[in-house]
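File shown: work-v7.csv (CSV, C-alpha atoms (C1' of nucleotides)).
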```
chain,number,residue,atom,x,y,z
A,26,MET,CA,-55.1,-36.0,9.1
A,27,ILE,CA,-58.3,-34.0,9.4
A,28,SER,CA,-61.0,-35.3,11.7
A,29,LYS,CA,-64.2,-37.0,10.5
A,30,LYS,CA,-66.1,-33.9,11.8
A,31,THR,CA,-64.1,-31.7,9.4
A,32,LYS,CA,-64.5,-34.2,6.6
A,33,TYR,CA,-68.2,-34.3,7.1
A,34,GLY,CA,-68.4,-30.6,7.3
A,35,LEU,CA,-66.5,-30.2,4.0
A,36,LYS,CA,-68.8,-32.8,2.3
A,37,ALA,CA,-71.8,-30.9,3.5
A,38,LEU,CA,-70.5,-27.6,2.3
A,39,ILE,CA,-69.6,-28.9,-1.0
A,40,TYR,CA,-73.0,-30.5,-1.4
A,41,LEU,CA,-74.7,-27.3,-0.4
A,42,ALA,CA,-72.5,-25.4,-2.9
A,43,HIS,CA,-73.6,-27.8,-5.6
A,44,GLU,CA,-77.2,-27.2,-4.8
A,45,TYR,CA,-76.7,-23.5,-4.2
A,46,ASP,CA,-79.7,-22.3,-6.2
A,47,LYS,CA,-82.1,-25.0,-5.0
A,48,GLY,CA,-83.2,-23.4,-1.7
A,49,PRO,CA,-82.8,-24.9,1.8
A,50,ILE,CA,-81.7,-28.5,2.0
A,51,LEU,CA,-82.9,-30.9,4.7
A,52,ILE,CA,-80.3,-32.2,7.2
A,53,ALA,CA,-81.9,-35.6,6.7
A,54,ASP,CA,-81.4,-35.5,2.9
A,55,LEU,CA,-77.8,-34.3,3.3
A,56,ALA,CA,-77.1,-37.0,5.9
A,57,ARG,CA,-78.5,-39.8,3.6
A,58,GLU,CA,-76.8,-38.6,0.4
A,59,GLU,CA,-73.4,-38.1,2.0
A,60,ARG,CA,-73.8,-41.0,4.4
A,61,ILE,CA,-73.1,-39.0,7.5
A,62,PRO,CA,-74.7,-39.9,10.9
A,63,LYS,CA,-77.6,-37.5,11.1
A,64,LYS,CA,-77.4,-36.4,14.7
A,65,PHE,CA,-73.7,-35.7,14.3
A,66,LEU,CA,-74.3,-33.8,11.1
A,67,GLU,CA,-76.8,-31.6,13.0
A,68,LEU,CA,-74.1,-30.5,15.4
A,69,ILE,CA,-71.7,-29.8,12.5
A,70,LEU,CA,-74.1,-27.8,10.5
A,71,LEU,CA,-75.1,-25.8,13.6
A,72,SER,CA,-71.5,-24.9,14.3
A,73,LEU,CA,-70.9,-23.9,10.7
A,74,LYS,CA,-74.0,-21.7,11.0
A,75,ASN,CA,-72.7,-20.1,14.1
A,76,SER,CA,-69.4,-19.4,12.4
A,77,GLY,CA,-71.2,-17.6,9.6
A,78,LEU,CA,-70.8,-20.0,6.7
A,79,LEU,CA,-74.3,-21.4,6.6
A,80,LEU,CA,-77.9,-20.1,7.1
A,81,SER,CA,-80.9,-22.0,8.0
A,82,LYS,CA,-84.7,-21.9,8.0
A,83,LYS,CA,-86.9,-23.8,10.4
A,84,GLY,CA,-90.3,-25.4,9.8
A,85,LYS,CA,-91.7,-26.8,6.6
A,86,GLY,CA,-89.7,-25.9,3.5
A,87,GLY,CA,-86.7,-25.3,5.8
A,88,GLY,CA,-83.2,-26.6,5.9
A,89,TYR,CA,-79.7,-25.4,5.5
A,90,TYR,CA,-78.1,-23.3,2.7
A,91,LEU,CA,-74.9,-21.5,2.0
A,92,GLY,CA,-74.7,-18.0,3.5
A,93,LYS,CA,-72.6,-16.7,0.6
A,94,SER,CA,-71.7,-17.5,-2.9
A,95,PRO,CA,-69.5,-20.7,-3.4
A,96,ARG,CA,-67.1,-18.3,-5.2
A,97,MET,CA,-66.5,-16.5,-1.9
A,98,VAL,CA,-65.8,-19.5,0.4
A,99,THR,CA,-62.3,-21.1,0.3
A,100,MET,CA,-61.3,-24.5,1.5
A,101,GLY,CA,-58.7,-22.7,3.7
A,102,GLN,CA,-61.5,-20.8,5.5
A,103,ILE,CA,-63.5,-23.9,6.2
A,104,ILE,CA,-60.5,-25.9,7.4
A,105,ARG,CA,-59.4,-23.1,9.7
A,106,ILE,CA,-62.9,-22.9,11.2
A,107,MET,CA,-63.2,-26.6,11.7
A,108,GLU,CA,-59.7,-27.8,12.3
A,109,GLY,CA,-57.8,-24.8,13.5
A,110,PRO,CA,-54.7,-23.2,11.9
A,111,LEU,CA,-53.2,-24.8,8.8
A,112,ALA,CA,-49.7,-24.4,10.2
A,113,PRO,CA,-47.9,-27.5,11.5
A,114,VAL,CA,-46.4,-25.5,14.3
A,115,PRO,CA,-47.9,-22.4,16.0
A,116,CYS,CA,-44.8,-20.3,15.3
A,117,VAL,CA,-45.5,-20.2,11.6
A,118,SER,CA,-49.2,-19.6,11.8
A,119,GLU,CA,-50.6,-16.4,10.2
A,120,SER,CA,-54.0,-16.8,11.8
A,121,ALA,CA,-52.9,-18.0,15.3
A,122,TYR,CA,-49.3,-17.2,15.8
A,123,GLU,CA,-47.7,-18.3,19.0
A,124,ARG,CA,-44.1,-18.3,20.0
A,125,CYS,CA,-42.6,-21.7,20.9
A,126,GLU,CA,-41.6,-21.5,24.6
A,127,GLU,CA,-38.8,-24.0,24.3
A,128,CYS,CA,-37.2,-22.3,21.2
A,129,GLU,CA,-34.2,-20.0,21.8
A,130,SER,CA,-34.2,-18.2,18.5
A,131,GLU,CA,-37.0,-18.3,15.9
A,132,ASP,CA,-34.8,-17.1,13.1
A,133,SER,CA,-32.4,-20.0,13.4
A,134,CYS,CA,-35.0,-22.7,14.2
A,135,GLY,CA,-34.7,-25.5,11.6
A,136,ILE,CA,-38.2,-26.9,12.2
A,137,ARG,CA,-39.7,-23.4,11.8
A,138,MET,CA,-37.9,-22.9,8.5
A,139,VAL,CA,-39.2,-26.2,7.0
A,140,MET,CA,-42.7,-25.9,8.5
A,141,LYS,CA,-43.0,-22.3,7.1
A,142,ASP,CA,-42.6,-23.7,3.6
A,143,VAL,CA,-45.1,-26.5,4.4
A,144,ARG,CA,-47.7,-24.0,5.7
A,145,ASP,CA,-47.2,-21.7,2.8
A,146,SER,CA,-47.7,-24.4,0.2
A,147,MET,CA,-50.8,-25.7,1.9
A,148,ALA,CA,-52.2,-22.2,2.2
A,149,LYS,CA,-51.5,-21.5,-1.4
A,150,ILE,CA,-53.6,-24.5,-2.4
A,151,LEU,CA,-56.4,-24.3,0.2
A,152,ASP,CA,-56.8,-20.5,0.1
A,153,GLY,CA,-56.7,-20.6,-3.7
A,154,THR,CA,-59.6,-23.1,-4.0
A,155,THR,CA,-63.2,-22.0,-3.5
A,156,LEU,CA,-66.2,-24.2,-3.1
A,157,ALA,CA,-67.2,-23.2,-6.6
A,158,ASP,CA,-63.8,-24.6,-7.9
A,159,VAL,CA,-64.4,-27.8,-6.1
A,160,VAL,CA,-67.9,-28.2,-7.5
A,161,GLU,CA,-66.5,-27.5,-11.0
A,162,LYS,CA,-63.8,-30.2,-10.6
A,163,ILE,CA,-66.4,-32.7,-9.5
A,164,ASP,CA,-68.7,-32.0,-12.4
A,165,LYS,CA,-65.9,-32.2,-14.8
A,166,ALA,CA,-64.7,-35.5,-13.4
A,167,ARG,CA,-68.3,-36.9,-13.5
A,168,LYS,CA,-68.7,-35.8,-17.1
A,169,GLN,CA,-65.5,-37.6,-18.0
A,170,GLY,CA,-67.1,-40.8,-16.9
A,171,LYS,CA,-65.0,-41.0,-13.7
A,172,GLY,CA,-67.3,-42.2,-11.0
A,173,ILE,CA,-70.1,-42.8,-13.4
A,174,LEU,CA,-69.3,-46.5,-13.0
A,175,ASP,CA,-71.0,-46.4,-9.6
A,176,TYR,CA,-74.4,-45.8,-11.2
A,177,VAL,CA,-73.8,-48.1,-14.3
A,178,ILE,CA,-73.1,-51.2,-12.2
B,13,MET,CA,-50.6,-29.1,14.0
B,14,ILE,CA,-47.9,-31.7,15.0
B,15,SER,CA,-47.9,-32.8,18.6
B,16,LYS,CA,-45.3,-31.7,21.1
B,17,LYS,CA,-43.9,-35.2,21.1
B,18,THR,CA,-43.2,-34.9,17.3
B,19,LYS,CA,-41.7,-31.5,17.8
B,20,TYR,CA,-39.5,-32.7,20.5
B,21,GLY,CA,-38.5,-35.7,18.4
B,22,LEU,CA,-37.6,-33.4,15.5
B,23,LYS,CA,-35.6,-31.2,17.8
B,24,ALA,CA,-33.7,-34.1,19.2
B,25,LEU,CA,-32.9,-35.6,15.8
B,26,ILE,CA,-31.8,-32.2,14.4
B,27,TYR,CA,-29.6,-31.8,17.4
B,28,LEU,CA,-28.1,-35.2,17.0
B,29,ALA,CA,-27.6,-34.6,13.3
B,30,HIS,CA,-25.7,-31.4,14.2
B,31,GLU,CA,-23.4,-33.4,16.6
B,32,TYR,CA,-23.3,-36.4,14.3
B,33,ASP,CA,-19.5,-36.8,14.6
B,34,LYS,CA,-19.3,-36.2,18.3
B,35,GLY,CA,-20.2,-39.7,19.6
B,36,PRO,CA,-23.1,-40.5,21.9
B,37,ILE,CA,-25.0,-37.6,23.4
B,38,LEU,CA,-26.6,-37.9,26.9
B,39,ILE,CA,-30.4,-37.7,27.2
B,40,ALA,CA,-29.8,-35.2,30.0
B,41,ASP,CA,-27.7,-32.9,27.8
B,42,LEU,CA,-30.2,-33.0,25.0
B,43,ALA,CA,-33.1,-32.3,27.4
B,44,ARG,CA,-31.3,-29.3,28.9
B,45,GLU,CA,-30.1,-27.8,25.6
B,46,GLU,CA,-33.5,-28.2,23.8
B,47,ARG,CA,-35.6,-27.5,27.0
B,48,ILE,CA,-37.5,-30.8,26.7
B,49,PRO,CA,-38.8,-32.6,29.8
B,50,LYS,CA,-36.2,-35.3,30.4
B,51,LYS,CA,-38.5,-38.2,31.2
B,52,PHE,CA,-40.7,-37.4,28.2
B,53,LEU,CA,-37.6,-37.2,26.0
B,54,GLU,CA,-36.5,-40.6,27.2
B,55,LEU,CA,-39.7,-42.2,25.8
B,56,ILE,CA,-39.4,-40.3,22.6
B,57,LEU,CA,-35.8,-41.3,22.0
B,58,LEU,CA,-36.5,-44.9,22.8
B,59,SER,CA,-39.4,-45.0,20.3
B,60,LEU,CA,-37.1,-43.4,17.7
B,61,LYS,CA,-34.5,-46.1,18.5
B,62,ASN,CA,-37.1,-48.8,18.1
B,63,SER,CA,-38.1,-47.5,14.7
B,64,GLY,CA,-34.6,-47.6,13.5
B,65,LEU,CA,-33.6,-43.9,13.4
B,66,LEU,CA,-31.4,-43.9,16.5
B,67,LEU,CA,-28.8,-46.1,18.2
B,68,SER,CA,-27.8,-46.0,21.8
B,69,LYS,CA,-25.0,-47.0,24.1
B,70,LYS,CA,-25.5,-47.7,27.8
B,71,GLY,CA,-23.1,-47.0,30.7
B,72,LYS,CA,-20.4,-44.4,31.0
B,73,GLY,CA,-19.7,-42.6,27.7
B,74,GLY,CA,-23.1,-43.8,26.5
B,75,GLY,CA,-26.0,-41.9,25.0
B,76,TYR,CA,-27.9,-41.6,21.8
B,77,TYR,CA,-26.7,-41.1,18.3
B,78,LEU,CA,-28.1,-41.1,14.8
B,79,GLY,CA,-28.2,-44.5,13.2
B,80,LYS,CA,-27.5,-43.3,9.7
B,81,SER,CA,-26.0,-40.2,8.0
B,82,PRO,CA,-28.1,-37.0,8.3
B,83,ARG,CA,-28.0,-37.1,4.5
B,84,MET,CA,-30.1,-40.3,4.5
B,85,VAL,CA,-32.9,-39.2,6.8
B,86,THR,CA,-35.7,-37.0,5.6
B,87,MET,CA,-38.2,-34.9,7.5
B,88,GLY,CA,-40.9,-36.8,5.8
B,89,GLN,CA,-39.7,-40.1,7.2
B,90,ILE,CA,-39.5,-38.7,10.7
B,91,ILE,CA,-42.9,-37.2,10.6
B,92,ARG,CA,-44.5,-40.3,9.2
B,93,ILE,CA,-42.9,-42.3,12.0
B,94,MET,CA,-44.0,-40.0,14.8
B,95,GLU,CA,-47.2,-38.5,13.5
B,96,GLY,CA,-48.5,-40.9,11.0
B,97,PRO,CA,-49.2,-40.3,7.3
B,98,LEU,CA,-48.8,-36.9,5.8
B,99,ALA,CA,-52.0,-37.1,3.9
B,100,PRO,CA,-54.9,-35.0,5.3
B,101,VAL,CA,-57.3,-37.9,4.4
B,102,PRO,CA,-56.5,-41.6,4.3
B,103,CYS,CA,-57.7,-42.0,0.7
B,104,VAL,CA,-54.8,-39.9,-0.6
B,105,SER,CA,-52.1,-41.5,1.5
B,106,GLU,CA,-49.3,-43.3,-0.3
B,107,SER,CA,-48.0,-44.9,2.9
B,108,ALA,CA,-51.3,-45.8,4.6
B,109,TYR,CA,-54.0,-45.7,1.9
B,110,GLU,CA,-57.5,-46.5,3.1
B,111,ARG,CA,-60.8,-46.1,1.2
B,112,CYS,CA,-63.3,-43.7,2.7
B,113,GLU,CA,-66.4,-45.8,3.6
B,114,GLU,CA,-68.8,-43.0,3.1
B,115,CYS,CA,-67.5,-42.0,-0.3
B,116,GLU,CA,-69.3,-43.2,-3.4
B,117,SER,CA,-66.7,-42.6,-6.0
B,118,GLU,CA,-63.1,-41.8,-5.3
B,119,ASP,CA,-62.5,-40.3,-8.7
B,120,SER,CA,-65.2,-37.7,-8.4
B,121,CYS,CA,-64.6,-36.8,-4.8
B,122,GLY,CA,-63.9,-33.1,-4.5
B,123,ILE,CA,-62.2,-33.4,-1.1
B,124,ARG,CA,-59.9,-36.1,-2.4
B,125,MET,CA,-58.9,-34.0,-5.4
B,126,VAL,CA,-57.9,-31.0,-3.3
B,127,MET,CA,-56.3,-33.0,-0.5
B,128,LYS,CA,-54.2,-35.0,-3.1
B,129,ASP,CA,-52.6,-31.7,-4.1
B,130,VAL,CA,-52.0,-30.8,-0.5
B,131,ARG,CA,-50.5,-34.1,0.3
B,132,ASP,CA,-48.2,-34.0,-2.8
B,133,SER,CA,-46.9,-30.5,-2.0
B,134,MET,CA,-46.2,-31.4,1.6
B,135,ALA,CA,-44.5,-34.6,0.6
B,136,LYS,CA,-42.4,-32.7,-2.0
B,137,ILE,CA,-41.0,-30.4,0.7
B,138,LEU,CA,-40.7,-32.9,3.6
B,139,ASP,CA,-39.4,-35.8,1.6
B,140,GLY,CA,-37.0,-33.5,-0.2
B,141,THR,CA,-35.5,-32.1,3.0
B,142,THR,CA,-32.9,-34.2,4.9
B,143,LEU,CA,-31.6,-33.6,8.4
B,144,ALA,CA,-28.4,-32.5,6.8
B,145,ASP,CA,-30.3,-29.9,4.8
B,146,VAL,CA,-31.9,-28.6,8.0
B,147,VAL,CA,-28.5,-28.4,9.9
B,148,GLU,CA,-27.1,-26.5,6.9
B,149,LYS,CA,-30.0,-24.0,7.0
B,150,ILE,CA,-29.5,-23.5,10.7
B,151,ASP,CA,-25.8,-22.9,10.4
B,152,LYS,CA,-26.3,-20.5,7.6
B,153,ALA,CA,-28.9,-18.6,9.5
B,154,ARG,CA,-26.7,-18.4,12.6
B,155,LYS,CA,-23.8,-17.1,10.5
B,156,GLN,CA,-26.0,-14.4,9.0
B,157,GLY,CA,-26.4,-13.1,12.6
B,158,LYS,CA,-30.0,-14.3,12.8
B,159,GLY,CA,-30.4,-15.7,16.3
B,160,ILE,CA,-26.9,-14.7,17.3
B,161,LEU,CA,-28.7,-12.0,19.3
B,162,ASP,CA,-29.6,-14.5,21.9
B,163,TYR,CA,-26.0,-15.0,22.9
B,164,VAL,CA,-24.9,-11.3,22.5
B,165,ILE,CA,-27.5,-10.0,25.0
C,9,DC,C1',-105.3,-21.7,16.5
C,10,DA,C1',-103.5,-26.4,16.0
C,11,DT,C1',-100.3,-29.3,14.3
C,12,DA,C1',-96.8,-31.2,11.7
C,13,DT,C1',-92.2,-30.0,10.3
C,14,DA,C1',-87.8,-28.8,10.9
C,15,DG,C1',-83.8,-26.9,13.1
C,16,DA,C1',-81.5,-25.5,18.1
C,17,DC,C1',-79.7,-26.7,22.1
C,18,DT,C1',-78.0,-29.3,26.2
C,19,DA,C1',-76.2,-33.1,28.1
C,20,DC,C1',-73.9,-37.3,28.2
C,21,DT,C1',-70.6,-41.1,27.1
C,22,DA,C1',-67.1,-44.5,25.6
C,23,DA,C1',-62.9,-44.6,23.8
C,24,DG,C1',-58.7,-42.8,22.6
C,25,DT,C1',-54.7,-39.4,22.6
C,26,DC,C1',-51.6,-36.1,24.7
C,27,DT,C1',-48.2,-34.8,27.9
C,28,DA,C1',-46.2,-36.0,30.9
C,29,DT,C1',-44.2,-38.4,35.9
C,30,DA,C1',-42.5,-42.3,38.9
C,31,DG,C1',-40.0,-46.1,39.8
C,32,DA,C1',-37.8,-50.4,39.1
C,33,DC,C1',-34.6,-52.8,35.9
C,34,DA,C1',-30.6,-54.0,32.9
C,35,DA,C1',-26.3,-53.3,30.7
C,36,DA,C1',-21.7,-51.6,30.5
C,37,DA,C1',-17.6,-49.3,32.0
C,38,DA,C1',-14.2,-48.2,35.6
D,11,DT,C1',-19.0,-53.9,42.6
D,12,DT,C1',-20.3,-49.4,42.1
D,13,DT,C1',-21.5,-45.8,39.1
D,14,DT,C1',-23.4,-44.4,35.0
D,15,DT,C1',-26.7,-44.5,31.6
D,16,DG,C1',-30.4,-46.2,28.9
D,17,DT,C1',-34.9,-49.6,29.1
D,18,DC,C1',-39.3,-50.6,30.3
D,19,DT,C1',-43.9,-50.6,32.6
D,20,DA,C1',-47.4,-48.3,34.8
D,21,DT,C1',-50.2,-44.5,35.9
D,22,DA,C1',-52.8,-40.3,35.5
D,23,DG,C1',-55.2,-35.9,34.5
D,24,DA,C1',-56.8,-33.2,30.8
D,25,DC,C1',-58.5,-33.1,26.5
D,26,DT,C1',-60.4,-34.6,21.9
D,27,DT,C1',-63.1,-37.6,19.0
D,28,DA,C1',-67.2,-39.5,17.4
D,29,DG,C1',-71.1,-40.0,18.3
D,30,DT,C1',-76.3,-40.6,20.8
D,31,DA,C1',-80.6,-39.0,23.3
D,32,DG,C1',-83.9,-36.0,24.4
D,33,DT,C1',-86.1,-31.7,24.9
D,34,DC,C1',-87.0,-27.0,23.2
D,35,DT,C1',-88.3,-23.5,19.7
D,36,DA,C1',-89.6,-21.4,15.4
D,37,DT,C1',-92.5,-21.6,11.3
D,38,DA,C1',-95.5,-22.8,7.5
D,39,DT,C1',-99.9,-24.3,6.4
D,40,DG,C1',-104.7,-25.8,6.9
```
Take the structure I supplied and represent it as structure tokens, if you would.
Amino acid sequence: MISKKTKYGLKALIYLAHEYDKGPILIADLAREERIPKKFLELILLSLKNSGLLLSKKGKGGGYYLGKSPRMVTMGQIIRIMEGPLAPVPCVSESAYERCEECESEDSCGIRMVMKDVRDSMAKILDGTTLADVVEKIDKARKQGKGILDYVI
Amino acid sequence: MISKKTKYGLKALIYLAHEYDKGPILIADLAREERIPKKFLELILLSLKNSGLLLSKKGKGGGYYLGKSPRMVTMGQIIRIMEGPLAPVPCVSESAYERCEECESEDSCGIRMVMKDVRDSMAKILDGTTLADVVEKIDKARKQGKGILDYVI
DNA sequence: CATATAGACTACTAAGTCTATAGACAAAAA
DNA sequence: TTTTTGTCTATAGACTTAGTAGTCTATATG
């Protein structure tokens, strides 16, 4: 399970990707639209800025916006930044490899063999999906009437 | 990342699967062989017993042993018992579904769409791999000389 | 320049999880 | 009845989670 912080961060980034051409977005607007506690969102956006994904502008007309094209940011990058390595065990991580101290031989470790497969299949999906892909999926689903119900009721 | 507790639990279960026909195994032996803190392992084995995966015998000749055939226990079952649902977000969990409060429409939620794919691919691997499969993989790797090095040196 | 607007930054906290350790207790076998 | 082995409860320090509060700083605009 990802933390709420990570989920909020993803929501924010997807929202900003959706509004990519609309200039800076206010924290307050983002918080209201995505129903995220505003003060908490501040911290999250700040940390995403410090890790290079977001840019911001202070003062009137300010707000947050994506630092690069939604085509250039993958879900894998975001989750690694917010949640740490994708790998279920450190010994199969590509980004943060660490040997298991209690393990005798890596090559004959059953856990490692299975978890390697898990990591790889997660990475395939998450590193293969950009923010632009996600926005596209959302728009397609909305067009198909899925979720439109919320506004019709 | 899975917790150390889960990793220790997996190690123990795989070990017991490997020794499935050898009768009860002492906690102390298991702890020594797999380099797991003994007192911590006690708690882990007890909880695995309480969730039905293990059986035990007290007194001389006692110890822990698998409650069912290694063919009948999947990695998915074990991880769900020890770590909770596989799903990265509650709204895509099959075993512990929960609606996201802050989400307007599930059908047009981008996070949900991606995480559903992640969950499904994890489940495919973990629910498709039994303890017997893992033991087999280990034995095959050892036969191929991988990890034999440890004993040759 | 003044001021309203917005993000930046620091600090704090309550609750929960993780990784154990200690010690008394209960059952079973010899 | 003694030894062996698992059972159970309690405790504890370090860390993480999910926030909240308040102050500081930059900037656009009149």
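Using all atoms listed in the file, the part of chain B that sits within 9 Å of chain D is made up of Leu38, Ile39, Glu54, Leu58, Ser68, Lys69, Lys70, Gly71, Lys72, Gly73, Gly74, Gly75 and Tyr76 of chain B.
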Do me a favour and pick out the residues of chain C within 6 Å of chain A, using only C-alpha atoms (C1' of nucleotides), as an mmCIF file with C-alpha atoms (C1' of nucleotides), in the frame of the given file.
```cif
data_model
loop_
_atom_site.group_PDB
_atom_site.id
_atom_site.type_symbol
_atom_site.label_atom_id
_atom_site.label_comp_id
_atom_site.auth_asym_id
_atom_site.auth_seq_id
_atom_site.Cartn_x
_atom_site.Cartn_y
_atom_site.Cartn_z
ATOM 1 C "C1'" DT C 13 -92.200 -30.000 10.300
ATOM 2 C "C1'" DA C 14 -87.800 -28.800 10.900
ATOM 3 C "C1'" DG C 15 -83.800 -26.900 13.100
#
```
Give chain A as a compact mmCIF listing (two decimals) with C-alpha atoms, in the frame of the given file once it has been least-squares superposed onto chain B over every C-alpha atom, paired in order.
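Saved to part_29.txt:
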```
# COMPACT_ATOMS: atom_id res chain seq x y z
CA MET A 26 -50.54 -29.14 13.95
CA ILE A 27 -47.93 -31.69 14.96
CA SER A 28 -47.85 -32.82 18.56
CA LYS A 29 -45.25 -31.68 21.11
CA LYS A 30 -43.92 -35.31 21.07
CA THR A 31 -43.19 -34.98 17.34
CA LYS A 32 -41.75 -31.52 17.81
CA TYR A 33 -39.47 -32.75 20.50
CA GLY A 34 -38.48 -35.71 18.49
CA LEU A 35 -37.57 -33.51 15.49
CA LYS A 36 -35.52 -31.15 17.76
CA ALA A 37 -33.66 -34.11 19.12
CA LEU A 38 -32.93 -35.52 15.73
CA ILE A 39 -31.77 -32.32 14.40
CA TYR A 40 -29.51 -31.79 17.39
CA LEU A 41 -28.11 -35.26 17.03
CA ALA A 42 -27.54 -34.59 13.29
CA HIS A 43 -25.64 -31.46 14.20
CA GLU A 44 -23.44 -33.36 16.55
CA TYR A 45 -23.20 -36.37 14.27
CA ASP A 46 -19.45 -36.88 14.57
CA LYS A 47 -19.24 -36.22 18.31
CA GLY A 48 -20.18 -39.70 19.59
CA PRO A 49 -23.14 -40.57 21.86
CA ILE A 50 -25.01 -37.69 23.41
CA LEU A 51 -26.55 -37.83 26.88
CA ILE A 52 -30.37 -37.65 27.14
CA ALA A 53 -29.81 -35.22 30.00
CA ASP A 54 -27.67 -32.88 27.85
CA LEU A 55 -30.17 -33.05 24.97
CA ALA A 56 -33.08 -32.39 27.35
CA ARG A 57 -31.33 -29.28 28.88
CA GLU A 58 -30.13 -27.80 25.57
CA GLU A 59 -33.46 -28.23 23.80
CA ARG A 60 -35.51 -27.59 26.93
CA ILE A 61 -37.49 -30.77 26.70
CA PRO A 62 -38.81 -32.57 29.86
CA LYS A 63 -36.24 -35.28 30.39
CA LYS A 64 -38.43 -38.21 31.26
CA PHE A 65 -40.62 -37.50 28.25
CA LEU A 66 -37.61 -37.17 26.01
CA GLU A 67 -36.48 -40.64 27.19
CA LEU A 68 -39.67 -42.18 25.89
CA ILE A 69 -39.30 -40.32 22.56
CA LEU A 70 -35.77 -41.27 21.99
CA LEU A 71 -36.54 -44.91 22.87
CA SER A 72 -39.32 -45.04 20.31
CA LEU A 73 -37.14 -43.46 17.65
CA LYS A 74 -34.54 -46.14 18.48
CA ASN A 75 -37.06 -48.85 18.11
CA SER A 76 -38.12 -47.47 14.75
CA GLY A 77 -34.54 -47.62 13.54
CA LEU A 78 -33.57 -43.97 13.38
CA LEU A 79 -31.39 -43.80 16.45
CA LEU A 80 -28.81 -46.05 18.24
CA SER A 81 -27.76 -45.97 21.75
CA LYS A 82 -25.04 -47.07 24.16
CA LYS A 83 -25.54 -47.67 27.84
CA GLY A 84 -23.15 -47.03 30.74
CA LYS A 85 -20.45 -44.43 31.01
CA GLY A 86 -19.61 -42.70 27.73
CA GLY A 87 -23.08 -43.73 26.49
CA GLY A 88 -25.98 -41.86 25.04
CA TYR A 89 -27.89 -41.58 21.86
CA TYR A 90 -26.65 -41.05 18.26
CA LEU A 91 -27.99 -41.12 14.77
CA GLY A 92 -28.18 -44.60 13.23
CA LYS A 93 -27.44 -43.27 9.73
CA SER A 94 -26.01 -40.32 8.01
CA PRO A 95 -28.10 -37.02 8.28
CA ARG A 96 -28.00 -37.10 4.44
CA MET A 97 -30.10 -40.27 4.49
CA VAL A 98 -32.89 -39.21 6.91
CA THR A 99 -35.74 -37.00 5.56
CA MET A 100 -38.13 -34.89 7.52
CA GLY A 101 -40.94 -36.87 5.76
CA GLN A 102 -39.61 -40.14 7.27
CA ILE A 103 -39.47 -38.76 10.76
CA ILE A 104 -42.91 -37.17 10.58
CA ARG A 105 -44.45 -40.36 9.24
CA ILE A 106 -42.89 -42.36 12.09
CA MET A 107 -43.98 -39.96 14.74
CA GLU A 108 -47.18 -38.47 13.47
CA GLY A 109 -48.51 -40.94 10.99
CA PRO A 110 -49.25 -40.34 7.27
CA LEU A 111 -48.72 -36.87 5.82
CA ALA A 112 -52.02 -37.07 3.96
CA PRO A 113 -54.97 -35.03 5.26
CA VAL A 114 -57.33 -37.82 4.38
CA PRO A 115 -56.54 -41.58 4.27
CA CYS A 116 -57.74 -41.90 0.67
CA VAL A 117 -54.80 -39.94 -0.65
CA SER A 118 -52.14 -41.51 1.48
CA GLU A 119 -49.26 -43.33 -0.28
CA SER A 120 -47.99 -44.91 2.91
CA ALA A 121 -51.37 -45.81 4.54
CA TYR A 122 -54.04 -45.75 1.95
CA GLU A 123 -57.55 -46.41 3.06
CA ARG A 124 -60.76 -46.04 1.18
CA CYS A 125 -63.32 -43.62 2.68
CA GLU A 126 -66.39 -45.72 3.62
CA GLU A 127 -68.84 -42.91 3.17
CA CYS A 128 -67.51 -41.89 -0.33
CA GLU A 129 -69.43 -43.17 -3.38
CA SER A 130 -66.80 -42.54 -6.00
CA GLU A 131 -63.14 -41.66 -5.33
CA ASP A 132 -62.57 -40.29 -8.78
CA SER A 133 -65.24 -37.64 -8.45
CA CYS A 134 -64.63 -36.79 -4.76
CA GLY A 135 -63.89 -33.04 -4.47
CA ILE A 136 -62.16 -33.29 -1.08
CA ARG A 137 -59.91 -36.09 -2.40
CA MET A 138 -58.90 -34.00 -5.40
CA VAL A 139 -57.88 -30.96 -3.26
CA MET A 140 -56.29 -33.03 -0.47
CA LYS A 141 -54.21 -34.98 -3.10
CA ASP A 142 -52.58 -31.72 -4.14
CA VAL A 143 -52.07 -30.76 -0.45
CA ARG A 144 -50.40 -34.13 0.33
CA ASP A 145 -48.26 -33.98 -2.72
CA SER A 146 -46.93 -30.52 -1.98
CA MET A 147 -46.18 -31.40 1.61
CA ALA A 148 -44.45 -34.59 0.55
CA LYS A 149 -42.42 -32.77 -2.00
CA ILE A 150 -41.07 -30.47 0.71
CA LEU A 151 -40.72 -32.94 3.61
CA ASP A 152 -39.36 -35.85 1.53
CA GLY A 153 -36.98 -33.46 -0.23
CA THR A 154 -35.39 -32.18 3.02
CA THR A 155 -32.86 -34.28 4.93
CA LEU A 156 -31.57 -33.68 8.39
CA ALA A 157 -28.32 -32.60 6.81
CA ASP A 158 -30.26 -29.84 4.84
CA VAL A 159 -31.85 -28.68 8.00
CA VAL A 160 -28.56 -28.48 9.86
CA GLU A 161 -27.09 -26.53 6.91
CA LYS A 162 -29.99 -24.01 6.97
CA ILE A 163 -29.52 -23.49 10.67
CA ASP A 164 -25.81 -22.89 10.40
CA LYS A 165 -26.29 -20.55 7.59
CA ALA A 166 -28.93 -18.58 9.45
CA ARG A 167 -26.68 -18.44 12.59
CA LYS A 168 -23.75 -17.21 10.51
CA GLN A 169 -25.92 -14.45 9.10
CA GLY A 170 -26.35 -13.14 12.58
CA LYS A 171 -29.98 -14.34 12.82
CA GLY A 172 -30.42 -15.68 16.29
CA ILE A 173 -27.03 -14.54 17.36
CA LEU A 174 -28.84 -11.78 19.25
CA ASP A 175 -29.81 -14.36 21.87
CA TYR A 176 -26.20 -14.77 22.98
CA VAL A 177 -25.21 -11.01 22.54
CA ILE A 178 -27.90 -9.75 24.93
```
